[in-house]
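S.K.: Dropping in target03.cif, with mmCIF, C-alpha atoms.
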```
data_input
#
loop_
_atom_site.label_atom_id
_atom_site.label_comp_id
_atom_site.auth_asym_id
_atom_site.auth_seq_id
_atom_site.Cartn_x
_atom_site.Cartn_y
_atom_site.Cartn_z
CA MET T 1476 85.73 106.68 47.38
CA THR T 1477 89.22 105.38 48.16
CA PRO T 1478 89.55 101.69 47.25
CA SER T 1479 90.03 99.35 50.18
CA ARG T 1480 93.64 98.32 50.86
CA THR T 1481 92.77 95.64 53.42
CA VAL T 1482 93.11 91.92 52.76
CA ALA T 1483 91.68 89.33 55.14
CA VAL T 1484 93.69 86.19 55.88
CA THR T 1485 91.41 83.51 57.30
CA THR T 1486 93.68 80.45 57.60
CA SER T 1487 94.43 80.05 61.28
CA SER T 1488 98.22 79.56 61.19
CA PHE T 1489 99.12 81.82 58.28
CA ALA T 1490 102.78 82.94 58.02
CA GLU T 1491 103.72 81.00 61.14
CA PHE T 1492 106.79 79.50 59.46
CA SER T 1493 107.77 82.28 57.08
CA PRO T 1494 106.99 86.02 56.95
CA GLU T 1495 107.24 86.06 53.14
CA PRO T 1496 103.48 85.95 52.38
CA LEU T 1497 102.75 88.93 54.66
CA LEU T 1498 105.79 90.80 53.34
CA LEU T 1499 104.44 90.38 49.80
CA LEU T 1500 101.12 91.91 50.84
CA ARG T 1501 102.72 94.85 52.60
CA ALA T 1502 105.12 95.46 49.71
CA ALA T 1503 102.07 95.83 47.46
CA GLY T 1504 100.62 98.45 49.82
CA LEU T 1505 98.01 96.14 51.32
CA THR T 1506 97.17 95.69 54.99
CA PRO T 1507 96.63 92.09 56.17
CA LEU T 1508 93.83 91.38 58.63
CA LEU T 1509 94.49 88.04 60.34
CA ASN T 1510 92.07 85.44 61.71
CA PRO T 1511 91.72 86.18 65.47
CA HIS T 1512 90.03 82.87 66.38
CA GLY T 1513 92.82 80.35 65.74
CA ARG T 1514 90.45 77.96 63.93
CA ALA T 1515 88.23 77.70 60.87
CA LEU T 1516 85.66 80.51 60.75
CA THR T 1517 81.92 80.15 60.65
CA GLU T 1518 80.00 81.99 57.94
CA GLU T 1519 79.02 84.73 60.39
CA GLU T 1520 82.59 85.14 61.64
CA ALA T 1521 83.88 85.34 58.08
CA ILE T 1522 81.32 88.02 57.18
CA ALA T 1523 82.37 90.06 60.21
CA LEU T 1524 86.10 89.71 59.55
CA LEU T 1525 85.89 90.46 55.81
CA GLN T 1526 83.94 93.72 56.14
CA GLY T 1527 85.66 96.34 54.00
CA CYS T 1528 88.22 93.90 52.57
CA VAL T 1529 89.12 93.96 48.89
CA ALA T 1530 90.37 90.34 48.93
CA VAL T 1531 90.71 87.29 51.12
CA ALA T 1532 93.42 84.67 51.39
CA ALA T 1533 90.90 82.02 52.28
CA GLY T 1534 90.86 78.85 54.33
CA THR T 1535 87.98 76.39 54.60
CA GLU T 1536 85.29 78.77 55.89
CA PRO T 1537 82.00 78.79 53.92
CA LEU T 1538 82.29 81.47 51.22
CA THR T 1539 78.63 81.54 50.31
CA ALA T 1540 76.39 83.70 48.13
CA ARG T 1541 75.07 85.29 51.34
CA LEU T 1542 78.61 86.15 52.44
CA MET T 1543 79.47 87.69 49.08
CA ALA T 1544 76.29 89.75 49.08
CA ALA T 1545 77.30 91.18 52.46
CA LEU T 1546 80.77 92.16 51.18
CA PRO T 1547 80.37 94.57 48.24
CA GLU T 1548 84.07 95.53 48.22
CA LEU T 1549 85.31 91.94 47.86
CA LYS T 1550 87.07 91.43 44.52
CA VAL T 1551 89.27 88.34 44.99
CA ILE T 1552 89.03 85.00 46.80
CA SER T 1553 92.42 83.27 46.82
CA ARG T 1554 92.20 79.83 48.43
CA CYS T 1555 95.19 78.72 50.43
CA GLY T 1556 94.73 75.11 49.35
CA ALA T 1557 93.69 72.93 46.46
CA GLY T 1558 89.92 72.60 46.86
CA LEU T 1559 87.14 75.07 46.13
CA ASP T 1560 84.31 73.09 47.70
CA ASN T 1561 83.68 75.84 50.24
CA VAL T 1562 83.34 78.57 47.59
CA ASP T 1563 80.05 79.30 45.81
CA LEU T 1564 81.63 79.64 42.38
CA ALA T 1565 78.40 80.64 40.63
CA ALA T 1566 77.84 83.49 43.10
CA ALA T 1567 81.44 84.63 42.71
CA ALA T 1568 81.15 84.64 38.92
CA ALA T 1569 77.87 86.58 39.07
CA ARG T 1570 79.51 89.26 41.23
CA GLY T 1571 82.72 89.41 39.21
CA ILE T 1572 84.81 88.07 42.10
CA ALA T 1573 87.99 86.39 40.89
CA VAL T 1574 88.65 82.97 42.45
CA ARG T 1575 92.08 81.35 42.65
CA SER T 1576 93.55 78.29 44.37
CA THR T 1577 96.90 76.59 44.91
CA PRO T 1578 96.32 73.07 43.55
CA ASP T 1579 99.96 72.03 43.33
CA ALA T 1580 101.44 73.30 46.60
CA PRO T 1581 99.90 70.79 49.06
CA THR T 1582 100.19 67.73 46.82
CA ARG T 1583 103.33 66.16 48.28
CA ALA T 1584 102.37 66.94 51.87
CA VAL T 1585 98.96 65.27 51.60
CA ALA T 1586 100.42 62.31 49.70
CA GLU T 1587 103.06 61.76 52.39
CA LEU T 1588 100.46 62.04 55.16
CA THR T 1589 98.36 59.44 53.32
CA LEU T 1590 101.35 57.11 53.20
CA GLY T 1591 102.06 57.70 56.88
CA LEU T 1592 98.46 56.92 57.82
CA ALA T 1593 98.58 53.76 55.72
CA LEU T 1594 101.71 52.51 57.47
CA ASP T 1595 100.20 53.38 60.85
CA LEU T 1596 97.08 51.32 60.07
CA LEU T 1597 98.96 48.38 58.62
CA ARG T 1598 101.42 48.14 61.53
CA ARG T 1599 98.84 49.29 64.14
CA ILE T 1600 101.26 51.83 65.56
CA THR T 1601 98.78 54.23 67.16
CA LEU T 1602 96.74 51.37 68.58
CA MET T 1603 99.79 49.87 70.33
CA ASP T 1604 100.84 53.29 71.60
CA ARG T 1605 97.42 53.56 73.26
CA ASP T 1606 97.84 50.07 74.71
CA ILE T 1607 101.16 50.91 76.36
CA ARG T 1608 99.87 54.20 77.77
CA ALA T 1609 96.95 52.28 79.27
CA GLY T 1610 99.28 49.76 80.91
CA ARG T 1611 98.82 47.00 78.33
CA TRP T 1612 101.91 45.34 76.82
CA LYS T 1613 100.30 43.71 73.80
CA LYS T 1614 102.04 42.88 70.54
CA ARG T 1615 99.55 43.29 67.69
CA MET T 1616 100.28 41.56 64.39
CA GLY T 1617 100.52 43.92 61.44
CA ALA T 1618 100.78 43.60 57.67
CA LEU T 1619 103.22 44.69 54.98
CA LEU T 1620 102.56 47.39 52.43
CA GLN T 1621 104.65 45.42 49.95
CA ASP T 1622 102.31 43.49 47.63
CA ALA T 1623 99.22 44.88 49.41
CA HIS T 1624 96.31 45.86 47.17
CA VAL T 1625 95.96 49.66 47.41
CA GLY T 1626 92.86 51.22 45.87
CA ILE T 1627 92.87 54.94 45.07
CA ILE T 1628 89.49 56.64 44.59
CA GLY T 1629 90.24 59.73 42.51
CA LEU T 1630 93.46 59.95 40.47
CA GLY T 1631 93.93 63.71 40.42
CA ARG T 1632 97.11 65.45 41.55
CA ILE T 1633 97.08 64.15 45.13
CA GLY T 1634 95.61 60.76 44.27
CA ARG T 1635 98.27 60.22 41.63
CA ALA T 1636 101.08 61.35 43.95
CA SER T 1637 99.78 59.00 46.67
CA ALA T 1638 99.47 56.09 44.25
CA ASP T 1639 103.03 56.71 43.03
CA LEU T 1640 104.37 56.54 46.60
CA PHE T 1641 102.52 53.31 47.31
CA HIS T 1642 103.69 51.76 44.04
CA ALA T 1643 107.31 52.79 44.72
CA LEU T 1644 107.16 50.83 47.99
CA GLY T 1645 105.97 47.67 46.28
CA ALA T 1646 102.19 47.87 46.65
CA ARG T 1647 99.87 46.80 43.87
CA THR T 1648 97.92 49.90 42.92
CA ALA T 1649 94.59 50.34 41.16
CA PHE T 1650 92.18 53.26 40.98
CA PHE T 1651 88.70 54.44 40.16
CA ASP T 1652 88.02 57.85 38.70
CA PRO T 1653 84.95 58.91 36.70
CA PHE T 1654 87.33 60.89 34.46
CA PRO T 1655 90.45 58.70 34.29
CA PRO T 1656 93.65 60.25 32.93
CA ALA T 1657 94.79 59.27 29.46
CA ASP T 1658 97.94 57.62 30.81
CA PRO T 1659 97.45 56.29 34.36
CA ALA T 1660 100.31 53.74 34.18
CA PRO T 1661 101.55 52.03 36.25
CA HIS T 1662 98.19 52.18 38.05
CA SER T 1663 95.30 50.06 36.77
CA PHE T 1664 91.72 51.29 36.36
CA MET T 1665 88.91 49.35 38.05
CA PRO T 1666 85.18 50.08 38.27
CA LEU T 1667 84.35 51.24 41.79
CA PRO T 1668 82.50 48.07 42.94
CA ASP T 1669 85.45 45.94 41.81
CA LEU T 1670 87.95 48.24 43.51
CA LEU T 1671 86.02 48.12 46.80
CA ALA T 1672 86.07 44.32 46.78
CA TRP T 1673 89.76 44.10 45.74
CA ALA T 1674 91.60 46.61 47.91
CA ASP T 1675 93.26 45.83 51.23
CA LEU T 1676 93.69 49.57 51.71
CA LEU T 1677 91.39 52.23 50.21
CA SER T 1678 92.35 55.90 50.02
CA LEU T 1679 89.93 58.70 49.08
CA HIS T 1680 91.19 61.57 46.92
CA THR T 1681 88.07 63.09 45.36
CA PRO T 1682 86.19 66.37 45.69
CA LYS T 1683 82.76 66.41 47.27
CA GLN T 1684 79.86 65.34 45.08
CA ALA T 1685 77.57 68.03 43.70
CA ASP T 1686 74.71 66.96 45.98
CA ASN T 1687 77.05 66.70 49.00
CA THR T 1688 76.26 63.02 49.51
CA PRO T 1689 79.07 60.61 50.50
CA VAL T 1690 81.15 59.01 47.76
CA LEU T 1691 81.12 55.94 50.01
CA ASP T 1692 77.62 55.65 51.47
CA ALA T 1693 76.50 52.83 53.74
CA ALA T 1694 75.91 50.48 50.80
CA ALA T 1695 79.37 51.14 49.35
CA ILE T 1696 81.04 50.68 52.75
CA ALA T 1697 79.26 47.31 53.02
CA ARG T 1698 80.91 46.25 49.73
CA ILE T 1699 84.46 46.99 50.95
CA LYS T 1700 86.63 43.90 51.29
CA PRO T 1701 86.35 42.46 54.83
CA GLY T 1702 89.43 43.29 56.89
CA ALA T 1703 90.39 46.26 54.72
CA CYS T 1704 91.40 49.74 55.95
CA LEU T 1705 90.11 53.11 54.75
CA ILE T 1706 91.89 56.47 54.59
CA ASN T 1707 90.30 59.88 54.01
CA ALA T 1708 92.71 62.80 53.81
CA ALA T 1709 90.72 64.57 51.08
CA ARG T 1710 87.34 66.07 52.07
CA GLY T 1711 85.14 65.62 55.11
CA GLY T 1712 82.03 63.53 54.56
CA LEU T 1713 83.30 61.53 51.57
CA ALA T 1714 82.57 58.40 53.61
CA ASP T 1715 79.40 57.99 55.67
CA GLU T 1716 80.87 58.36 59.17
CA ALA T 1717 78.07 56.49 60.97
CA ALA T 1718 78.28 53.52 58.59
CA LEU T 1719 82.07 53.56 58.82
CA ALA T 1720 81.96 53.55 62.63
CA GLU T 1721 79.61 50.56 62.59
CA ALA T 1722 81.86 48.65 60.17
CA LEU T 1723 84.84 49.35 62.44
CA ARG T 1724 83.01 48.42 65.65
CA SER T 1725 81.81 45.14 64.16
CA GLY T 1726 85.33 44.25 63.01
CA ARG T 1727 84.26 44.06 59.38
CA LEU T 1728 86.86 46.73 58.59
CA ALA T 1729 90.24 46.49 60.31
CA GLY T 1730 90.85 50.20 60.64
CA ALA T 1731 90.40 53.70 59.31
CA ALA T 1732 92.40 56.92 59.33
CA LEU T 1733 90.72 60.29 58.81
CA ASP T 1734 92.25 63.74 58.57
CA VAL T 1735 88.98 65.41 57.50
CA PHE T 1736 85.45 65.23 58.87
CA SER T 1737 81.88 66.21 58.04
CA ALA T 1738 82.01 68.75 60.90
CA GLU T 1739 85.17 70.26 62.34
CA PRO T 1740 86.40 70.42 65.08
CA TYR T 1741 85.28 66.78 65.15
CA GLN T 1742 83.23 65.47 68.08
CA GLY T 1743 81.48 62.56 66.37
CA ILE T 1744 80.96 58.84 66.66
CA LEU T 1745 84.41 57.82 65.40
CA LEU T 1746 85.89 59.03 68.69
CA GLN T 1747 84.43 55.85 70.16
CA THR T 1748 86.14 53.45 67.74
CA PRO T 1749 89.63 52.45 68.96
CA ASN T 1750 90.76 51.09 65.58
CA THR T 1751 90.86 54.58 64.06
CA VAL T 1752 93.60 57.18 63.64
CA LEU T 1753 92.21 60.72 63.69
CA THR T 1754 94.16 63.87 62.84
CA PRO T 1755 92.88 67.50 62.85
CA HIS T 1756 92.87 68.37 59.11
CA VAL T 1757 96.66 68.66 58.77
CA GLY T 1758 97.17 67.35 55.23
CA SER T 1759 99.02 70.46 54.08
CA TYR T 1760 100.75 71.03 57.42
CA ALA T 1761 104.28 70.25 56.36
CA ARG T 1762 106.50 73.27 56.85
CA GLU T 1763 107.88 73.42 53.30
CA SER T 1764 104.51 72.78 51.71
CA ARG T 1765 102.77 75.32 53.91
CA ILE T 1766 105.23 78.08 52.99
CA ARG T 1767 104.86 77.32 49.27
CA MET T 1768 101.08 77.23 49.51
CA GLU T 1769 100.72 80.49 51.45
CA THR T 1770 103.15 82.30 49.18
CA ALA T 1771 101.37 81.02 46.08
CA ALA T 1772 98.00 82.11 47.50
CA ILE T 1773 99.27 85.67 48.01
CA ARG T 1774 100.91 85.81 44.57
CA ASN T 1775 97.61 84.64 43.04
CA LEU T 1776 95.74 87.31 45.02
CA LEU T 1777 98.07 90.08 43.90
CA GLU T 1778 97.90 88.94 40.29
CA ALA T 1779 94.09 88.95 40.39
CA LEU T 1780 94.18 92.49 41.83
CA CYS T 1781 96.64 93.47 39.07
CA LEU T 1782 99.26 94.46 41.63
#
```
Could you express the structure from this file as structure tokens?
M.R.:
Amino acid sequence: MTPSRTVAVTTSSFAEFSPEPLLLLRAAGLTPLLNPHGRALTEEEAIALLQGCVAVAAGTEPLTARLMAALPELKVISRCGAGLDNVDLAAAAARGIAVRSTPDAPTRAVAELTLGLALDLLRRITLMDRDIRAGRWKKRMGALLQDAHVGIIGLGRIGRASADLFHALGARTAFFDPFPPADPAPHSFMPLPDLLAWADLLSLHTPKQADNTPVLDAAAIARIKPGACLINAARGGLADEAALAEALRSGRLAGAALDVFSAEPYQGILLQTPNTVLTPHVGSYARESRIRMETAAIRNLLEALCL
């Protein structure tokens, strides 16, 4: 049997800003099969698209044990992104499927988006834009990032890069991480309950928990400092969305910004809370970062295929 030479590409905007990733595939004698839906795939759609493929340059679709069982020719999963939450790693290992990711490529883009969301919340930019469009000329008092207490939950690559940006602009930064780095300076470690009560601005930068429960459940959200703001540009569902919406509606929290959601495209309760900024999972969507990430994903794929 002739080995498959087809590689699926499931990220919806792949190679939009540079042809280099696709040129690398074709130069290696591989045929790319692109996502025809223009959005994240469901499990069934991924199974259908990946039929006969030797590898996949993967997005956020569920790469489950069931999917892998339906794709006997699949040898490599190369995530175009940092996280592997959507990949059943045990199933991949059992089937001898190599798994790769691009943990460094999106770091700066997500960190800069986090900073942008923080400034938007503190100065209430999106909220006032909505006011003007609705015919309301209302000046809303904001707050400075300088000297604000910024709490980072998860000091990995992106959490550390975000904390560094906040610190460079004069914020006071502290973090919680169950596995803190050996040298977190200039950022101070705090236990999570203390960090929740201290921070004026909280930013989530953790993977999903093993049991898929929120890192910030309703009880944790209730312990957040009154008047604080919350940012999640990491993983959908890290904060209980219903409890967050209630805290925002009641005015207990001043605002929230989310780039990721428990279900996407998002149609949930936070659409009804005006003191939120919602973006459609665009953390890595900076042109330079996207090109680096896509190119790295293809180089990882080719290396895993020994090409």
S.K.: Can you tell me, as a ChimeraX atom specification, what residues are no more than 9 Å from T:Ser1479 when counting all atoms listed in the file, ignoring any on the same chain fewer than 6 positions away?
M.R.: /T:1505,1527-1529,1548
S.K.: Could you tell me which of T:Thr1517, T:Ser1764, T:Ser1759, T:Thr1681 comes closest to T:Ala1738 if we count all atoms listed in the file?
M.R.: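 Once distances to T:Ala1738 are computed over all atoms listed in the file, the minimum belongs to T:Thr1517.
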S.K.: How many Å separate atom CA of T:Ala1771 from atom CA of T:Arg1570?
M.R.: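 Spanning atom CA of T:Ala1771 to atom CA of T:Arg1570 is a straight-line distance of 23.9 Å.
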S.K.: I would like the residues chosen by the PyMOL selection byres ((chain T and resi 1538) around 10) on the shown file; could you give them as a list of chain:residue names?
M.R.: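 After applying the PyMOL selection byres ((chain T and resi 1538) around 10), what remains is T:Thr1517, T:Glu1518, T:Ala1521, T:Ile1522, T:Ala1533, T:Gly1534, T:Thr1535, T:Glu1536, T:Pro1537, T:Thr1539, T:Ala1540, T:Arg1541, T:Leu1542, T:Met1543, T:Ile1552, T:Leu1559, T:Asp1560, T:Asn1561, T:Val1562, T:Asp1563, T:Leu1564, T:Ala1566, T:Ala1567.
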S.K.: For a quick check of understanding, using all atoms listed in the file, which of T:Met1603, T:Leu1671, T:Ala1609, T:Leu1588 has the smallest distance to T:Leu1733?
M.R.: T:Leu1588
S.K.: The PyMOL selection byres ((chain T and resi 1583-1587) around 12) - which residues does that actually catch in the file I just gave you? List them as a PyMOL selection string.
M.R.: chain T and resi 1556-1557+1578-1582+1588-1594+1627+1630-1641+1678-1680+1706-1710+1734-1735+1756-1768
S.K.: With all atoms listed in the file as the counted atoms, please give the residues lying no more than 8 Å from T:Gly1617, apart from itself and same-chain residues fewer than 5 positions off, as a PyMOL selection string.
M.R.: chain T and resi 1597-1599
S.K.: May I ask which of the residues T:Asn1750, T:Ser1553, T:Thr1770, T:Thr1601 is the closest one to T:Phe1492, counting all atoms listed in the file?
M.R.: T:Thr1770
S.K.: Can you work out the spacing between atom CA of T:Leu1728 and atom CA of T:Cys1704 in Å, to one decimal?
M.R.: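 Calculated distance between atom CA of T:Leu1728 and atom CA of T:Cys1704 is 6.1 Å.
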S.K.: Applying 7 Å and only C-alpha atoms, which residues near T:His1662 remain after dropping the ones on its own chain fewer than 5 positions away? List them as a ChimeraX atom specification.
M.R.: /T:1648-1650
S.K.: When the PyMOL selection byres ((chain T and resi 1697) around 12) is applied to the structure above, which residues does it catch, written out as a list in words?
M.R.: Pro1668, Leu1671, Ala1672, Leu1691, Asp1692, Ala1693, Ala1694, Ala1695, Ile1696, Arg1698, Ile1699, Lys1700, Pro1701, Gly1702, Ala1703, Ala1714, Asp1715, Ala1718, Leu1719, Ala1720, Glu1721, Ala1722, Leu1723, Ser1725, Arg1727 and Leu1728 of chain T
S.K.: Those selected residues, please, written with C-alpha atoms and delivered as a tab-separated table (two decimals), keeping the file's coordinate frame.
M.R.:
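Generated output (out-v2.tsv):
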```
chain	number	residue	atom	x	y	z
T	1668	PRO	CA	82.50	48.07	42.94
T	1671	LEU	CA	86.02	48.12	46.80
T	1672	ALA	CA	86.07	44.32	46.78
T	1691	LEU	CA	81.12	55.94	50.01
T	1692	ASP	CA	77.62	55.65	51.47
T	1693	ALA	CA	76.50	52.83	53.74
T	1694	ALA	CA	75.91	50.48	50.80
T	1695	ALA	CA	79.37	51.14	49.35
T	1696	ILE	CA	81.04	50.68	52.75
T	1698	ARG	CA	80.91	46.25	49.73
T	1699	ILE	CA	84.46	46.99	50.95
T	1700	LYS	CA	86.63	43.90	51.29
T	1701	PRO	CA	86.35	42.46	54.83
T	1702	GLY	CA	89.43	43.29	56.89
T	1703	ALA	CA	90.39	46.26	54.72
T	1714	ALA	CA	82.57	58.40	53.61
T	1715	ASP	CA	79.40	57.99	55.67
T	1718	ALA	CA	78.28	53.52	58.59
T	1719	LEU	CA	82.07	53.56	58.82
T	1720	ALA	CA	81.96	53.55	62.63
T	1721	GLU	CA	79.61	50.56	62.59
T	1722	ALA	CA	81.86	48.65	60.17
T	1723	LEU	CA	84.84	49.35	62.44
T	1725	SER	CA	81.81	45.14	64.16
T	1727	ARG	CA	84.26	44.06	59.38
T	1728	LEU	CA	86.86	46.73	58.59
```
S.K.: Quick one: everything within 9 Å of T:Val1531, counting only C-alpha atoms, minus sequence neighbours fewer than 3 positions away in the same chain. Send it as an MDAnalysis selection string.
M.R.: chainID T and resid 1481:1485 1525 1528 1549:1554 1776
S.K.: Return the single residue from T:Ala1523, T:Leu1667, T:Ala1623, T:Leu1498 that is closest to T:Ala1545, with distances computed using only C-alpha atoms.
M.R.: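 Ranking T:Ala1523, T:Leu1667, T:Ala1623, T:Leu1498 by distance to T:Ala1545, first place goes to T:Ala1523.
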S.K.: Taking all listed atoms of stretch 1542-1546 of chain T, build the axis-aligned box, pad each of the six sides by 6 Å, then write its centre and edge lengths in Å to one decimal as JSON.
M.R.:
```
{"center_x": 78.5, "center_y": 89.2, "center_z": 50.8, "size_x": 16.5, "size_y": 18.0, "size_z": 15.4}
```
S.K.: Just give me the gap between atom CA of T:Gly1626 and atom CA of T:Gly1726 in Å, one decimal is fine.
M.R.: 20.0 Å
S.K.: Atoms are missing here; could stretch 1481-1493 of chain T be completed with N, CA and C atoms and written as a PDB file, in the frame of the given file?
M.R.:
```
ATOM      1  N   THR T1481      92.703  96.671  52.398  1.00  0.00           N
ATOM      2  CA  THR T1481      92.770  95.640  53.420  1.00  0.00           C
ATOM      3  C   THR T1481      92.468  94.270  52.829  1.00  0.00           C
ATOM      4  N   VAL T1482      93.274  93.305  53.214  1.00  0.00           N
ATOM      5  CA  VAL T1482      93.110  91.920  52.760  1.00  0.00           C
ATOM      6  C   VAL T1482      92.954  91.030  53.990  1.00  0.00           C
ATOM      7  N   ALA T1483      91.874  90.271  54.039  1.00  0.00           N
ATOM      8  CA  ALA T1483      91.680  89.330  55.140  1.00  0.00           C
ATOM      9  C   ALA T1483      92.467  88.050  54.882  1.00  0.00           C
ATOM     10  N   VAL T1484      92.998  87.484  55.935  1.00  0.00           N
ATOM     11  CA  VAL T1484      93.690  86.190  55.880  1.00  0.00           C
ATOM     12  C   VAL T1484      92.994  85.283  56.889  1.00  0.00           C
ATOM     13  N   THR T1485      92.268  84.278  56.400  1.00  0.00           N
ATOM     14  CA  THR T1485      91.410  83.510  57.300  1.00  0.00           C
ATOM     15  C   THR T1485      91.988  82.178  57.748  1.00  0.00           C
ATOM     16  N   THR T1486      93.062  81.685  57.111  1.00  0.00           N
ATOM     17  CA  THR T1486      93.680  80.450  57.600  1.00  0.00           C
ATOM     18  C   THR T1486      94.301  80.724  58.962  1.00  0.00           C
ATOM     19  N   SER T1487      94.161  79.768  59.875  1.00  0.00           N
ATOM     20  CA  SER T1487      94.430  80.050  61.280  1.00  0.00           C
ATOM     21  C   SER T1487      95.910  80.136  61.643  1.00  0.00           C
ATOM     22  N   SER T1488      96.796  79.548  60.843  1.00  0.00           N
ATOM     23  CA  SER T1488      98.220  79.560  61.190  1.00  0.00           C
ATOM     24  C   SER T1488      99.056  80.237  60.107  1.00  0.00           C
ATOM     25  N   PHE T1489      98.477  81.196  59.432  1.00  0.00           N
ATOM     26  CA  PHE T1489      99.120  81.820  58.280  1.00  0.00           C
ATOM     27  C   PHE T1489     100.423  82.513  58.689  1.00  0.00           C
ATOM     28  N   ALA T1490     101.464  82.304  57.859  1.00  0.00           N
ATOM     29  CA  ALA T1490     102.780  82.940  58.020  1.00  0.00           C
ATOM     30  C   ALA T1490     103.479  82.553  59.314  1.00  0.00           C
ATOM     31  N   GLU T1491     103.080  81.445  59.909  1.00  0.00           N
ATOM     32  CA  GLU T1491     103.720  81.000  61.140  1.00  0.00           C
ATOM     33  C   GLU T1491     105.167  80.573  60.915  1.00  0.00           C
ATOM     34  N   PHE T1492     105.461  80.045  59.722  1.00  0.00           N
ATOM     35  CA  PHE T1492     106.790  79.500  59.460  1.00  0.00           C
ATOM     36  C   PHE T1492     107.625  80.354  58.518  1.00  0.00           C
ATOM     37  N   SER T1493     107.022  81.363  57.927  1.00  0.00           N
ATOM     38  CA  SER T1493     107.770  82.280  57.080  1.00  0.00           C
ATOM     39  C   SER T1493     106.999  83.596  56.973  1.00  0.00           C
TER      40      SER T1493
END
```
